[in-house]
Amino acid sequence: MPPRSSPTARQQRLGSELRKLREQSGMSAQQAAALLGVDRTRIPNVESGRFGISPERVRTLAFNYGCPDTGLVDLLAAMAHARDRGWWEEHRGLLPPALIDIAELEHHAWELHTAVTTHVPGILQTEEHARAVFDTAVPPLPGPDLEARLALRLRRQEVLDRDRPVQYEAVIHEAALRMQFGGPKVARQQLEHILAHSERDNVAVRVIPFSAGGFPGAGQSFTYVAAPVAQLDTVQLDSSHGSLLLDADMQLRRYRGLLDRLRALTLSTEDSRAFVRTVAREL
């Protein structure tokens, strides 16, 4: 299997989790390589994501590392499937790798929790709203790039509609609801779209009104991506420079706590729907 020149975030995460298990066991990379009957350089390359590994070898390593968490081992083995190429791969080479990684991350998520202050979450954006947002990019996006980003954003929304839809929670500040990307008509349609989705069993929309005052994390937007096993959770941060993925235990605890504090400031889901309706009527 040839080395990967640009491993994906999911491939790197698998490697980093295997490294954590090895280090916790006290086993050296050379000892782990001997277990698999491979060159001693193979383990560091697997742990960096540059080399793939079979699900069977993942289980062999986890057993010898003494990992007692069978749920975690099953998920790591599933991550090792080299032929698991999703629809997002169609966009690789056309868009920045970070955008492809987000789509893959959301696809494999168990739950998604998004907190935003000035933009409607991408998963809840209409096509017209998303296009208007992309039109504000600096420097302006070339036509083909804009269309590719738009297609990716709309396709990502399928996680809400599949056979086992993701459980999705959106914490949205009033400022984001009142931003009129594309003008009043597009903004009103966007709010109606949010309302329609908020009625779904797998979607919860919670609004932080201006009257709540200041709140922690006001200057950032983030998504907490929950896996079936908490150890594989990820936080995705948005910024003007691109996306950043965090998965250290302390970082995950911090953002779980931040979500709890934000929820305490939100209106109930029913009051949030009423609030969105009021903003829509004012347009």
# chains A, B, ... in the order shown; residues from 1 in each chain; ligands from 1
>>> residues_around(residues="stretch 76-80 of chain A", least_positions_apart="4", cutoff="7 Å", atoms="only C-alpha atoms", output="PyMOL selection string")
chain A and resi 14+53-55+58-59+72
>>> write_last_selection(atoms="N, CA and C atoms", output="mmCIF file, in the first residue's frame")
data_model
loop_
_atom_site.group_PDB
_atom_site.id
_atom_site.type_symbol
_atom_site.label_atom_id
_atom_site.label_comp_id
_atom_site.auth_asym_id
_atom_site.auth_seq_id
_atom_site.Cartn_x
_atom_site.Cartn_y
_atom_site.Cartn_z
ATOM 1 N N LEU A 14 -7.584 8.356 13.138
ATOM 2 C CA LEU A 14 -7.385 6.933 13.416
ATOM 3 C C LEU A 14 -5.964 6.690 13.899
ATOM 4 N N ILE A 53 -4.141 0.944 7.350
ATOM 5 C CA ILE A 53 -4.044 -0.265 8.146
ATOM 6 C C ILE A 53 -5.379 -0.991 8.027
ATOM 7 N N SER A 54 -5.355 -2.311 8.029
ATOM 8 C CA SER A 54 -6.579 -3.078 7.874
ATOM 9 C C SER A 54 -7.351 -3.111 9.194
ATOM 10 N N PRO A 55 -8.665 -3.311 9.124
ATOM 11 C CA PRO A 55 -9.452 -3.449 10.359
ATOM 12 C C PRO A 55 -8.951 -4.590 11.241
ATOM 13 N N VAL A 58 -5.981 -3.405 13.141
ATOM 14 C CA VAL A 58 -6.407 -2.485 14.198
ATOM 15 C C VAL A 58 -6.825 -3.285 15.427
ATOM 16 N N ARG A 59 -7.603 -4.341 15.211
ATOM 17 C CA ARG A 59 -8.068 -5.164 16.331
ATOM 18 C C ARG A 59 -6.905 -5.900 17.005
ATOM 19 N N LEU A 72 -15.050 1.352 21.286
ATOM 20 C CA LEU A 72 -14.007 2.162 20.660
ATOM 21 C C LEU A 72 -13.261 1.357 19.610
#
>>> residues_around(residues="A:Ala33", least_positions_apart="4", cutoff="10 Å", atoms="only C-alpha atoms", output="list in words")
Ser28, Ala29, Gly37, Val38, Asp39, Arg40, Thr41, Arg42, Ile43, Pro44 and Leu61 of chain A
>>> residues_around(residues="stretch 243-247 of chain A", least_positions_apart="3", cutoff="8 Å", atoms="only C-alpha atoms", output="count of residues only")
12
>>> select_by_dssp(residues="stretch 74-213 of chain A", states="alpha helix (DSSP H)", output="number ranges by chain")
A: 74-79, 97-107, 127-134, 143-156, 174-178, 184-198
>>> closest_atom_pairs(of="stretch 49-90 of chain A", to="stretch 103-127 of chain A", cutoff="12 Å", atoms="only C-alpha atoms", output="CSV")
residue,atom,partner,partner_atom,distance
A:Leu75,CA,A:His108,CA,10.3
A:Ala78,CA,A:His108,CA,10.5
A:Met79,CA,A:His108,CA,9.6
A:Asp84,CA,A:Glu104,CA,10.6
A:Arg85,CA,A:Glu104,CA,9.4
A:Gly86,CA,A:Glu104,CA,7.5
A:Trp87,CA,A:Glu104,CA,8.8
A:Trp88,CA,A:Ala103,CA,6.5
A:Glu89,CA,A:Glu104,CA,8.9
A:Glu90,CA,A:Ala103,CA,11.5
>>> residues_around(residues="stretch 174-177 of chain A", least_positions_apart="3", cutoff="9 Å", atoms="only C-alpha atoms", output="list in words")
Val116, Thr117, Thr118, His119, Val120, Gln180, Ala187, Gln190, Leu191, Val207, Ile208, Pro209, Phe210, Phe275, Val276, Val279 and Ala280 of chain A
>>> write_last_selection(atoms="C-alpha atoms", output="compact mmCIF listing (two decimals), in the first residue's frame")
# COMPACT_ATOMS: atom_id res chain seq x y z
CA VAL A 116 -23.26 30.37 15.80
CA THR A 117 -23.44 34.11 16.36
CA THR A 118 -23.54 35.85 12.97
CA HIS A 119 -24.27 33.13 10.40
CA VAL A 120 -27.04 30.58 10.04
CA GLN A 180 -30.11 39.81 5.75
CA ALA A 187 -33.71 36.30 4.68
CA GLN A 190 -34.21 31.36 5.28
CA LEU A 191 -36.09 31.89 8.54
CA VAL A 207 -32.17 30.95 20.14
CA ILE A 208 -30.03 33.24 22.28
CA PRO A 209 -31.81 36.63 22.21
CA PHE A 210 -30.02 39.95 22.50
CA PHE A 275 -39.00 34.10 18.24
CA VAL A 276 -37.93 33.10 14.71
CA VAL A 279 -38.17 38.06 13.29
CA ALA A 280 -39.54 36.75 9.97
>>> atom_distance(atom1="atom CA of A:Glu199", atom2="atom CA of A:Ala274")
11.9 Å
>>> select_by_dssp(residues="stretch 13-231 of chain A", states="strand (DSSP E)", output="PyMOL selection string")
chain A and resi 111-116+167-173+203-208+221-226
>>> atom_distance(atom1="atom CA of A:Gln12", atom2="atom CA of A:Gln231")
14.7 Å
>>> atom_distance(atom1="atom CA of A:Arg153", atom2="atom CA of A:His129")
11.3 Å
>>> closest_residue(among="A:Leu18, A:Ala130, A:Ala218, A:Val225", to="A:Leu152", atoms="only C-alpha atoms")
A:Ala130
>>> decode(residues="stretch 111-138 of chain A", atoms="N, CA and C atoms", output="PDB file, in the first residue's frame")
ATOM      1  N   GLU A 111     -24.096  12.708  16.664  1.00  0.00           N
ATOM      2  CA  GLU A 111     -24.849  13.922  16.967  1.00  0.00           C
ATOM      3  C   GLU A 111     -24.017  15.126  16.509  1.00  0.00           C
ATOM      4  N   LEU A 112     -24.709  16.221  16.171  1.00  0.00           N
ATOM      5  CA  LEU A 112     -24.045  17.472  15.823  1.00  0.00           C
ATOM      6  C   LEU A 112     -24.653  18.588  16.668  1.00  0.00           C
ATOM      7  N   HIS A 113     -23.787  19.388  17.283  1.00  0.00           N
ATOM      8  CA  HIS A 113     -24.226  20.530  18.087  1.00  0.00           C
ATOM      9  C   HIS A 113     -23.486  21.767  17.574  1.00  0.00           C
ATOM     10  N   THR A 114     -24.225  22.701  16.999  1.00  0.00           N
ATOM     11  CA  THR A 114     -23.609  23.886  16.404  1.00  0.00           C
ATOM     12  C   THR A 114     -24.006  25.126  17.183  1.00  0.00           C
ATOM     13  N   ALA A 115     -23.034  26.008  17.434  1.00  0.00           N
ATOM     14  CA  ALA A 115     -23.299  27.298  18.072  1.00  0.00           C
ATOM     15  C   ALA A 115     -22.770  28.396  17.159  1.00  0.00           C
ATOM     16  N   VAL A 116     -23.640  29.321  16.743  1.00  0.00           N
ATOM     17  CA  VAL A 116     -23.262  30.372  15.801  1.00  0.00           C
ATOM     18  C   VAL A 116     -23.780  31.718  16.288  1.00  0.00           C
ATOM     19  N   THR A 117     -23.059  32.774  15.914  1.00  0.00           N
ATOM     20  CA  THR A 117     -23.443  34.111  16.360  1.00  0.00           C
ATOM     21  C   THR A 117     -23.851  35.036  15.215  1.00  0.00           C
ATOM     22  N   THR A 118     -23.235  34.916  14.048  1.00  0.00           N
ATOM     23  CA  THR A 118     -23.539  35.853  12.965  1.00  0.00           C
ATOM     24  C   THR A 118     -23.972  35.179  11.673  1.00  0.00           C
ATOM     25  N   HIS A 119     -23.861  33.856  11.601  1.00  0.00           N
ATOM     26  CA  HIS A 119     -24.268  33.133  10.396  1.00  0.00           C
ATOM     27  C   HIS A 119     -25.221  31.997  10.757  1.00  0.00           C
ATOM     28  N   VAL A 120     -26.191  31.761   9.900  1.00  0.00           N
ATOM     29  CA  VAL A 120     -27.036  30.585  10.042  1.00  0.00           C
ATOM     30  C   VAL A 120     -26.165  29.355   9.812  1.00  0.00           C
ATOM     31  N   PRO A 121     -26.317  28.302  10.597  1.00  0.00           N
ATOM     32  CA  PRO A 121     -25.506  27.096  10.384  1.00  0.00           C
ATOM     33  C   PRO A 121     -25.631  26.595   8.943  1.00  0.00           C
ATOM     34  N   GLY A 122     -24.516  26.149   8.379  1.00  0.00           N
ATOM     35  CA  GLY A 122     -24.510  25.698   6.997  1.00  0.00           C
ATOM     36  C   GLY A 122     -25.517  24.605   6.716  1.00  0.00           C
ATOM     37  N   ILE A 123     -25.724  23.700   7.667  1.00  0.00           N
ATOM     38  CA  ILE A 123     -26.639  22.582   7.468  1.00  0.00           C
ATOM     39  C   ILE A 123     -28.092  23.056   7.365  1.00  0.00           C
ATOM     40  N   LEU A 124     -28.375  24.274   7.841  1.00  0.00           N
ATOM     41  CA  LEU A 124     -29.735  24.801   7.778  1.00  0.00           C
ATOM     42  C   LEU A 124     -29.892  25.901   6.725  1.00  0.00           C
ATOM     43  N   GLN A 125     -28.883  26.156   5.936  1.00  0.00           N
ATOM     44  CA  GLN A 125     -28.964  27.249   4.963  1.00  0.00           C
ATOM     45  C   GLN A 125     -29.722  26.831   3.701  1.00  0.00           C
ATOM     46  N   THR A 126     -30.517  27.761   3.173  1.00  0.00           N
ATOM     47  CA  THR A 126     -31.130  27.553   1.864  1.00  0.00           C
ATOM     48  C   THR A 126     -30.076  27.807   0.798  1.00  0.00           C
ATOM     49  N   GLU A 127     -30.357  27.378  -0.417  1.00  0.00           N
ATOM     50  CA  GLU A 127     -29.412  27.600  -1.505  1.00  0.00           C
ATOM     51  C   GLU A 127     -29.195  29.088  -1.750  1.00  0.00           C
ATOM     52  N   GLU A 128     -30.260  29.881  -1.715  1.00  0.00           N
ATOM     53  CA  GLU A 128     -30.142  31.314  -1.988  1.00  0.00           C
ATOM     54  C   GLU A 128     -29.352  32.015  -0.884  1.00  0.00           C
ATOM     55  N   HIS A 129     -29.599  31.625   0.360  1.00  0.00           N
ATOM     56  CA  HIS A 129     -28.862  32.228   1.473  1.00  0.00           C
ATOM     57  C   HIS A 129     -27.385  31.859   1.392  1.00  0.00           C
ATOM     58  N   ALA A 130     -27.101  30.582   1.152  1.00  0.00           N
ATOM     59  CA  ALA A 130     -25.708  30.146   1.065  1.00  0.00           C
ATOM     60  C   ALA A 130     -24.984  30.869  -0.064  1.00  0.00           C
ATOM     61  N   ARG A 131     -25.642  31.037  -1.201  1.00  0.00           N
ATOM     62  CA  ARG A 131     -25.011  31.737  -2.316  1.00  0.00           C
ATOM     63  C   ARG A 131     -24.691  33.177  -1.933  1.00  0.00           C
ATOM     64  N   ALA A 132     -25.623  33.820  -1.222  1.00  0.00           N
ATOM     65  CA  ALA A 132     -25.393  35.194  -0.794  1.00  0.00           C
ATOM     66  C   ALA A 132     -24.229  35.291   0.187  1.00  0.00           C
ATOM     67  N   VAL A 133     -24.099  34.299   1.066  1.00  0.00           N
ATOM     68  CA  VAL A 133     -22.971  34.273   1.999  1.00  0.00           C
ATOM     69  C   VAL A 133     -21.654  34.128   1.236  1.00  0.00           C
ATOM     70  N   PHE A 134     -21.607  33.208   0.294  1.00  0.00           N
ATOM     71  CA  PHE A 134     -20.387  33.009  -0.492  1.00  0.00           C
ATOM     72  C   PHE A 134     -20.048  34.244  -1.324  1.00  0.00           C
ATOM     73  N   ASP A 135     -21.051  35.008  -1.700  1.00  0.00           N
ATOM     74  CA  ASP A 135     -20.815  36.226  -2.484  1.00  0.00           C
ATOM     75  C   ASP A 135     -20.086  37.296  -1.684  1.00  0.00           C
ATOM     76  N   THR A 136     -20.034  37.164  -0.351  1.00  0.00           N
ATOM     77  CA  THR A 136     -19.357  38.157   0.481  1.00  0.00           C
ATOM     78  C   THR A 136     -17.881  37.820   0.704  1.00  0.00           C
ATOM     79  N   ALA A 137     -17.415  36.716   0.128  1.00  0.00           N
ATOM     80  CA  ALA A 137     -16.034  36.280   0.365  1.00  0.00           C
ATOM     81  C   ALA A 137     -15.035  37.318  -0.132  1.00  0.00           C
ATOM     82  N   VAL A 138     -13.938  37.449   0.604  1.00  0.00           N
ATOM     83  CA  VAL A 138     -12.835  38.349   0.229  1.00  0.00           C
ATOM     84  C   VAL A 138     -11.560  37.533   0.188  1.00  0.00           C
TER      85      VAL A 138
END
